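Colleague: Data: upload_36.cif, mmCIF, C-alpha atoms, pLDDT in the B column; chains and numbers go by the auth columns.
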data_query
loop_
_atom_site.group_PDB
_atom_site.id
_atom_site.type_symbol
_atom_site.label_atom_id
_atom_site.label_comp_id
_atom_site.label_asym_id
_atom_site.label_seq_id
_atom_site.Cartn_x
_atom_site.Cartn_y
_atom_site.Cartn_z
_atom_site.B_iso_or_equiv
_atom_site.auth_seq_id
_atom_site.auth_asym_id
ATOM 1 C CA MET A 1 0.000 0.000 0.000 61.00 67 X
ATOM 2 C CA ALA A 2 1.357 3.375 -0.935 84.00 68 X
ATOM 3 C CA PHE A 3 -0.366 6.729 -1.113 91.00 69 X
ATOM 4 C CA SER A 4 0.667 10.346 -0.834 92.00 70 X
ATOM 5 C CA ILE A 5 -0.775 12.956 1.471 93.00 71 X
ATOM 6 C CA THR A 6 0.262 16.588 1.197 94.00 72 X
ATOM 7 C CA ASP A 7 1.547 18.756 4.036 93.00 73 X
ATOM 8 C CA SER A 8 -1.701 20.776 4.045 94.00 74 X
ATOM 9 C CA VAL A 9 -3.658 17.579 4.841 93.00 75 X
ATOM 10 C CA ILE A 10 -1.183 16.696 7.591 93.00 76 X
ATOM 11 C CA ARG A 11 -1.558 20.170 9.138 92.00 77 X
ATOM 12 C CA LEU A 12 -5.349 19.837 9.135 92.00 78 X
ATOM 13 C CA TYR A 13 -5.488 16.335 10.605 91.00 79 X
ATOM 14 C CA SER A 14 -2.694 16.847 13.126 89.00 80 X
ATOM 15 C CA GLU A 15 -5.169 19.034 15.064 86.00 81 X
ATOM 16 C CA ILE A 16 -7.327 15.982 15.827 87.00 82 X
ATOM 17 C CA ASP A 17 -6.831 14.605 19.326 88.00 83 X
ATOM 18 C CA LEU A 18 -6.306 10.893 18.895 89.00 84 X
ATOM 19 C CA ASN A 19 -6.557 8.510 21.821 88.00 85 X
ATOM 20 C CA GLU A 20 -3.591 6.283 22.592 89.00 86 X
ATOM 21 C CA GLY A 21 -3.159 3.679 19.873 88.00 87 X
ATOM 22 C CA GLU A 22 -5.555 5.404 17.474 93.00 88 X
ATOM 23 C CA ALA A 23 -4.740 6.343 13.900 95.00 89 X
ATOM 24 C CA LEU A 24 -6.731 7.813 11.031 95.00 90 X
ATOM 25 C CA ARG A 25 -8.640 5.178 9.109 96.00 91 X
ATOM 26 C CA LEU A 26 -9.019 5.647 5.348 94.00 92 X
ATOM 27 C CA TYR A 27 -11.980 3.839 3.807 93.00 93 X
ATOM 28 C CA ALA A 28 -14.117 3.685 0.686 88.00 94 X
ATOM 29 C CA ARG A 29 -17.526 5.350 0.858 86.00 95 X
ATOM 30 C CA TYR A 30 -20.199 5.246 -1.787 79.00 96 X
ATOM 31 C CA ALA A 31 -20.796 8.844 -2.870 71.00 97 X
ATOM 32 C CA GLY A 32 -22.963 8.476 -5.952 61.00 98 X
ATOM 33 C CA SER A 33 -20.899 10.794 -8.179 60.00 99 X
ATOM 34 C CA ALA A 34 -20.163 9.620 -11.698 54.00 100 X
ATOM 35 C CA SER A 35 -16.985 11.727 -11.846 57.00 101 X
ATOM 36 C CA ASN A 36 -15.262 9.538 -9.252 53.00 102 X
ATOM 37 C CA GLY A 37 -16.812 6.161 -10.026 63.00 103 X
ATOM 38 C CA GLY A 38 -19.344 6.597 -7.236 76.00 104 X
ATOM 39 C CA TYR A 39 -16.771 6.466 -4.445 80.00 105 X
ATOM 40 C CA ALA A 40 -15.305 8.946 -1.998 83.00 106 X
ATOM 41 C CA LEU A 41 -12.685 8.709 0.704 89.00 107 X
ATOM 42 C CA GLY A 42 -13.787 8.494 4.322 91.00 108 X
ATOM 43 C CA ILE A 43 -11.409 9.403 7.156 93.00 109 X
ATOM 44 C CA SER A 44 -12.067 8.783 10.840 94.00 110 X
ATOM 45 C CA PRO A 45 -10.095 8.124 14.030 95.00 111 X
ATOM 46 C CA ALA A 46 -10.030 4.432 14.930 95.00 112 X
ATOM 47 C CA GLN A 47 -7.884 1.647 16.363 95.00 113 X
ATOM 48 C CA PRO A 48 -5.987 -0.365 13.734 95.00 114 X
ATOM 49 C CA GLY A 49 -6.441 -4.112 13.980 94.00 115 X
ATOM 50 C CA ASP A 50 -4.614 -7.221 12.876 95.00 116 X
ATOM 51 C CA GLY A 51 -4.134 -7.283 9.131 94.00 117 X
ATOM 52 C CA ASP A 52 -4.670 -3.547 8.681 95.00 118 X
ATOM 53 C CA ARG A 53 -2.045 -1.738 6.637 93.00 119 X
ATOM 54 C CA ILE A 54 -0.476 1.255 8.365 93.00 120 X
ATOM 55 C CA GLN A 55 1.437 4.095 6.739 92.00 121 X
ATOM 56 C CA GLU A 56 2.999 6.945 8.678 91.00 122 X
ATOM 57 C CA VAL A 57 3.196 10.354 7.007 89.00 123 X
ATOM 58 C CA SER A 58 5.048 13.156 8.825 88.00 124 X
ATOM 59 C CA GLY A 59 4.412 11.540 12.209 87.00 125 X
ATOM 60 C CA LEU A 60 0.689 10.952 11.621 92.00 126 X
ATOM 61 C CA LYS A 61 -0.460 7.338 11.211 93.00 127 X
ATOM 62 C CA PHE A 62 -3.070 6.313 8.650 94.00 128 X
ATOM 63 C CA PHE A 63 -4.434 2.814 8.199 95.00 129 X
ATOM 64 C CA VAL A 64 -6.563 0.879 5.767 95.00 130 X
ATOM 65 C CA LYS A 65 -8.466 -2.347 6.224 95.00 131 X
ATOM 66 C CA PRO A 66 -7.692 -4.952 3.542 94.00 132 X
ATOM 67 C CA ASP A 67 -11.124 -4.554 1.902 93.00 133 X
ATOM 68 C CA ASP A 68 -10.507 -0.834 1.282 92.00 134 X
ATOM 69 C CA GLN A 69 -6.911 -1.028 0.101 92.00 135 X
ATOM 70 C CA TRP A 70 -7.897 -1.084 -3.575 90.00 136 X
ATOM 71 C CA LEU A 71 -9.121 2.535 -3.331 89.00 137 X
ATOM 72 C CA VAL A 72 -6.048 4.063 -1.689 91.00 138 X
ATOM 73 C CA ASP A 73 -3.324 2.324 -3.718 91.00 139 X
ATOM 74 C CA ASP A 74 -1.342 5.159 -5.343 92.00 140 X
ATOM 75 C CA MET A 75 -3.949 7.691 -4.173 93.00 141 X
ATOM 76 C CA LYS A 76 -2.987 11.353 -3.734 94.00 142 X
ATOM 77 C CA LEU A 77 -4.841 13.431 -1.141 94.00 143 X
ATOM 78 C CA ASP A 78 -4.502 17.211 -1.070 95.00 144 X
ATOM 79 C CA TYR A 79 -6.279 20.008 0.802 95.00 145 X
ATOM 80 C CA ASP A 80 -6.650 23.605 -0.357 95.00 146 X
ATOM 81 C CA GLU A 81 -6.615 25.639 2.846 92.00 147 X
ATOM 82 C CA GLY A 82 -7.815 28.832 1.146 94.00 148 X
ATOM 83 C CA GLU A 83 -10.823 27.178 -0.509 95.00 149 X
ATOM 84 C CA ASP A 84 -11.381 24.665 2.344 93.00 150 X
ATOM 85 C CA ILE A 85 -11.711 21.783 -0.106 93.00 151 X
ATOM 86 C CA PHE A 86 -10.103 18.362 -0.527 91.00 152 X
ATOM 87 C CA TYR A 87 -8.748 17.036 -3.814 90.00 153 X
ATOM 88 C CA CYS A 88 -8.247 13.335 -4.194 89.00 154 X
ATOM 89 C CA GLU A 89 -6.810 11.394 -7.129 89.00 155 X
ATOM 90 C CA PHE A 90 -7.825 7.732 -7.242 87.00 156 X
ATOM 91 C CA PRO A 91 -5.863 5.824 -9.915 88.00 157 X
ATOM 92 C CA ALA A 92 -7.911 2.719 -9.042 84.00 158 X
ATOM 93 C CA LEU A 93 -11.027 4.413 -10.441 80.00 159 X
ATOM 94 C CA ASN A 94 -9.502 5.317 -13.802 77.00 160 X
#
Would you mind giving the structure from this file in structure tokens?
Modeller:
Amino acid sequence: MAFSITDSVIRLYSEIDLNEGEALRLYARYAGSASNGGYALGISPAQPGDGDRIQEVSGLKFFVKPDDQWLVDDMKLDYDEGEDIFYCEFPALN
């Protein structure tokens, strides 16, 4: 599993108070938009479990359950602080 997350995303999510052992879970959500294949990225604090894939980016840990890995492989997540909007590239949906 490999994905890239920009510094602006790290700044935003580093403000979240995570409990001990928690990380940010990335998961596939059905969004109903034809432009992205009907999927969106969900992010929420959670405890990683056995078999989950963990990637640390600038000191912040993200994890993905095996069933959601297909969406985040080679994904790029960016955040425009001025516009307050996320941009996500999903090669798996192309």
Colleague: Skipping near chain neighbours, those fewer than 6 positions away, what residues fall within 7 Å of range 133-147 of chain X using only C-alpha atoms, listed as a VMD selection string?
Modeller: chain X and resid 67 to 72 74 to 75 93 to 94 153 to 158
Colleague: Any idea what's packed within 10 Å of range 82-89 of chain X, counting all atoms listed in the file, ignoring anything in its chain fewer than 3 positions away? Could you give it as a VMD selection string?
Modeller: chain X and resid 77 to 79 92 109 to 114 120 to 122 126 to 130
Colleague: For CA of Arg91 in chain X and CA of Phe152 in chain X, quote the distance in Å rounded to one decimal.
Modeller: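 Answer for the CA of Arg91 in chain X to CA of Phe152 in chain X separation: 16.4 Å.
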Colleague: Name the residues captured by the PyMOL selection byres ((chain X and resi 95) around 7) when it is applied to the shown file; answer as a list of chain:residue names.
Modeller: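 The output of the PyMOL selection byres ((chain X and resi 95) around 7) on this file is X:Tyr93, X:Ala94, X:Tyr96, X:Ala97, X:Tyr105, X:Ala106, X:Leu107, X:Gly108.
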Colleague: Quote the spacing between CA of Ser80 in chain X and CA of Gly117 in chain X in Å to one decimal place.
Modeller: 24.5 Å
Colleague: Working from the structure I just supplied, which lacks atoms in range 124-148 of chain X, can you model N, CA, C and O atoms there and output them as a PDB file, in the frame of the given file?
Modeller:
ATOM      1  N   SER X 124       4.672  12.003   7.991  1.00 88.00           N
ATOM      2  CA  SER X 124       5.048  13.156   8.825  1.00 88.00           C
ATOM      3  C   SER X 124       4.587  12.994  10.272  1.00 88.00           C
ATOM      4  O   SER X 124       4.067  13.921  10.888  1.00 88.00           O
ATOM      5  N   GLY X 125       4.733  11.790  10.810  1.00 87.00           N
ATOM      6  CA  GLY X 125       4.412  11.540  12.209  1.00 87.00           C
ATOM      7  C   GLY X 125       2.960  11.199  12.474  1.00 87.00           C
ATOM      8  O   GLY X 125       2.592  10.885  13.599  1.00 87.00           O
ATOM      9  N   LEU X 126       2.108  11.267  11.459  1.00 92.00           N
ATOM     10  CA  LEU X 126       0.689  10.952  11.621  1.00 92.00           C
ATOM     11  C   LEU X 126       0.428   9.589  10.976  1.00 92.00           C
ATOM     12  O   LEU X 126       0.810   9.348   9.832  1.00 92.00           O
ATOM     13  N   LYS X 127      -0.215   8.693  11.718  1.00 93.00           N
ATOM     14  CA  LYS X 127      -0.460   7.338  11.211  1.00 93.00           C
ATOM     15  C   LYS X 127      -1.838   7.233  10.567  1.00 93.00           C
ATOM     16  O   LYS X 127      -2.830   7.693  11.123  1.00 93.00           O
ATOM     17  N   PHE X 128      -1.858   6.618   9.387  1.00 94.00           N
ATOM     18  CA  PHE X 128      -3.070   6.313   8.650  1.00 94.00           C
ATOM     19  C   PHE X 128      -3.127   4.800   8.480  1.00 94.00           C
ATOM     20  O   PHE X 128      -2.094   4.154   8.373  1.00 94.00           O
ATOM     21  N   PHE X 129      -4.335   4.251   8.455  1.00 95.00           N
ATOM     22  CA  PHE X 129      -4.434   2.814   8.199  1.00 95.00           C
ATOM     23  C   PHE X 129      -5.633   2.506   7.327  1.00 95.00           C
ATOM     24  O   PHE X 129      -6.574   3.293   7.220  1.00 95.00           O
ATOM     25  N   VAL X 130      -5.537   1.344   6.685  1.00 95.00           N
ATOM     26  CA  VAL X 130      -6.563   0.879   5.767  1.00 95.00           C
ATOM     27  C   VAL X 130      -6.826  -0.591   6.046  1.00 95.00           C
ATOM     28  O   VAL X 130      -5.893  -1.373   6.205  1.00 95.00           O
ATOM     29  N   LYS X 131      -8.095  -0.940   6.112  1.00 95.00           N
ATOM     30  CA  LYS X 131      -8.466  -2.347   6.224  1.00 95.00           C
ATOM     31  C   LYS X 131      -8.275  -2.999   4.851  1.00 95.00           C
ATOM     32  O   LYS X 131      -8.387  -2.333   3.826  1.00 95.00           O
ATOM     33  N   PRO X 132      -7.966  -4.292   4.825  1.00 94.00           N
ATOM     34  CA  PRO X 132      -7.692  -4.952   3.542  1.00 94.00           C
ATOM     35  C   PRO X 132      -8.771  -4.756   2.484  1.00 94.00           C
ATOM     36  O   PRO X 132      -8.461  -4.597   1.307  1.00 94.00           O
ATOM     37  N   ASP X 133     -10.041  -4.710   2.873  1.00 93.00           N
ATOM     38  CA  ASP X 133     -11.124  -4.554   1.902  1.00 93.00           C
ATOM     39  C   ASP X 133     -11.159  -3.180   1.236  1.00 93.00           C
ATOM     40  O   ASP X 133     -11.795  -3.013   0.195  1.00 93.00           O
ATOM     41  N   ASP X 134     -10.515  -2.191   1.833  1.00 92.00           N
ATOM     42  CA  ASP X 134     -10.507  -0.834   1.282  1.00 92.00           C
ATOM     43  C   ASP X 134      -9.192  -0.460   0.614  1.00 92.00           C
ATOM     44  O   ASP X 134      -9.069   0.636   0.060  1.00 92.00           O
ATOM     45  N   GLN X 135      -8.234  -1.349   0.641  1.00 92.00           N
ATOM     46  CA  GLN X 135      -6.911  -1.028   0.101  1.00 92.00           C
ATOM     47  C   GLN X 135      -6.961  -0.679  -1.383  1.00 92.00           C
ATOM     48  O   GLN X 135      -6.228   0.178  -1.852  1.00 92.00           O
ATOM     49  N   TRP X 136      -7.818  -1.322  -2.132  1.00 90.00           N
ATOM     50  CA  TRP X 136      -7.897  -1.084  -3.575  1.00 90.00           C
ATOM     51  C   TRP X 136      -8.092   0.397  -3.896  1.00 90.00           C
ATOM     52  O   TRP X 136      -7.575   0.892  -4.892  1.00 90.00           O
ATOM     53  N   LEU X 137      -8.839   1.129  -3.047  1.00 89.00           N
ATOM     54  CA  LEU X 137      -9.121   2.535  -3.331  1.00 89.00           C
ATOM     55  C   LEU X 137      -7.914   3.430  -3.087  1.00 89.00           C
ATOM     56  O   LEU X 137      -7.684   4.379  -3.828  1.00 89.00           O
ATOM     57  N   VAL X 138      -7.130   3.143  -2.063  1.00 91.00           N
ATOM     58  CA  VAL X 138      -6.048   4.063  -1.689  1.00 91.00           C
ATOM     59  C   VAL X 138      -4.702   3.745  -2.333  1.00 91.00           C
ATOM     60  O   VAL X 138      -3.774   4.539  -2.201  1.00 91.00           O
ATOM     61  N   ASP X 139      -4.588   2.617  -3.037  1.00 91.00           N
ATOM     62  CA  ASP X 139      -3.324   2.324  -3.718  1.00 91.00           C
ATOM     63  C   ASP X 139      -2.995   3.449  -4.697  1.00 91.00           C
ATOM     64  O   ASP X 139      -3.807   3.779  -5.567  1.00 91.00           O
ATOM     65  N   ASP X 140      -1.842   4.062  -4.506  1.00 92.00           N
ATOM     66  CA  ASP X 140      -1.342   5.159  -5.343  1.00 92.00           C
ATOM     67  C   ASP X 140      -2.213   6.417  -5.310  1.00 92.00           C
ATOM     68  O   ASP X 140      -2.093   7.292  -6.162  1.00 92.00           O
ATOM     69  N   MET X 141      -3.094   6.525  -4.331  1.00 93.00           N
ATOM     70  CA  MET X 141      -3.949   7.691  -4.173  1.00 93.00           C
ATOM     71  C   MET X 141      -3.112   8.917  -3.796  1.00 93.00           C
ATOM     72  O   MET X 141      -2.090   8.796  -3.143  1.00 93.00           O
ATOM     73  N   LYS X 142      -3.588  10.103  -4.186  1.00 94.00           N
ATOM     74  CA  LYS X 142      -2.987  11.353  -3.734  1.00 94.00           C
ATOM     75  C   LYS X 142      -4.090  12.196  -3.117  1.00 94.00           C
ATOM     76  O   LYS X 142      -5.112  12.454  -3.745  1.00 94.00           O
ATOM     77  N   LEU X 143      -3.874  12.609  -1.859  1.00 94.00           N
ATOM     78  CA  LEU X 143      -4.841  13.431  -1.141  1.00 94.00           C
ATOM     79  C   LEU X 143      -4.226  14.788  -0.875  1.00 94.00           C
ATOM     80  O   LEU X 143      -3.120  14.895  -0.357  1.00 94.00           O
ATOM     81  N   ASP X 144      -4.958  15.839  -1.254  1.00 95.00           N
ATOM     82  CA  ASP X 144      -4.502  17.211  -1.070  1.00 95.00           C
ATOM     83  C   ASP X 144      -5.644  18.023  -0.464  1.00 95.00           C
ATOM     84  O   ASP X 144      -6.812  17.649  -0.582  1.00 95.00           O
ATOM     85  N   TYR X 145      -5.286  19.130   0.183  1.00 95.00           N
ATOM     86  CA  TYR X 145      -6.279  20.008   0.802  1.00 95.00           C
ATOM     87  C   TYR X 145      -5.907  21.445   0.489  1.00 95.00           C
ATOM     88  O   TYR X 145      -4.773  21.864   0.724  1.00 95.00           O
ATOM     89  N   ASP X 146      -6.845  22.187  -0.068  1.00 95.00           N
ATOM     90  CA  ASP X 146      -6.650  23.605  -0.357  1.00 95.00           C
ATOM     91  C   ASP X 146      -7.163  24.394   0.836  1.00 95.00           C
ATOM     92  O   ASP X 146      -8.382  24.497   1.044  1.00 95.00           O
ATOM     93  N   GLU X 147      -6.244  24.933   1.620  1.00 92.00           N
ATOM     94  CA  GLU X 147      -6.615  25.639   2.846  1.00 92.00           C
ATOM     95  C   GLU X 147      -7.421  26.899   2.561  1.00 92.00           C
ATOM     96  O   GLU X 147      -8.326  27.249   3.313  1.00 92.00           O
ATOM     97  N   GLY X 148      -7.101  27.596   1.494  1.00 94.00           N
ATOM     98  CA  GLY X 148      -7.815  28.832   1.146  1.00 94.00           C
ATOM     99  C   GLY X 148      -9.256  28.581   0.738  1.00 94.00           C
ATOM    100  O   GLY X 148     -10.156  29.322   1.104  1.00 94.00           O
TER     101      GLY X 148
END
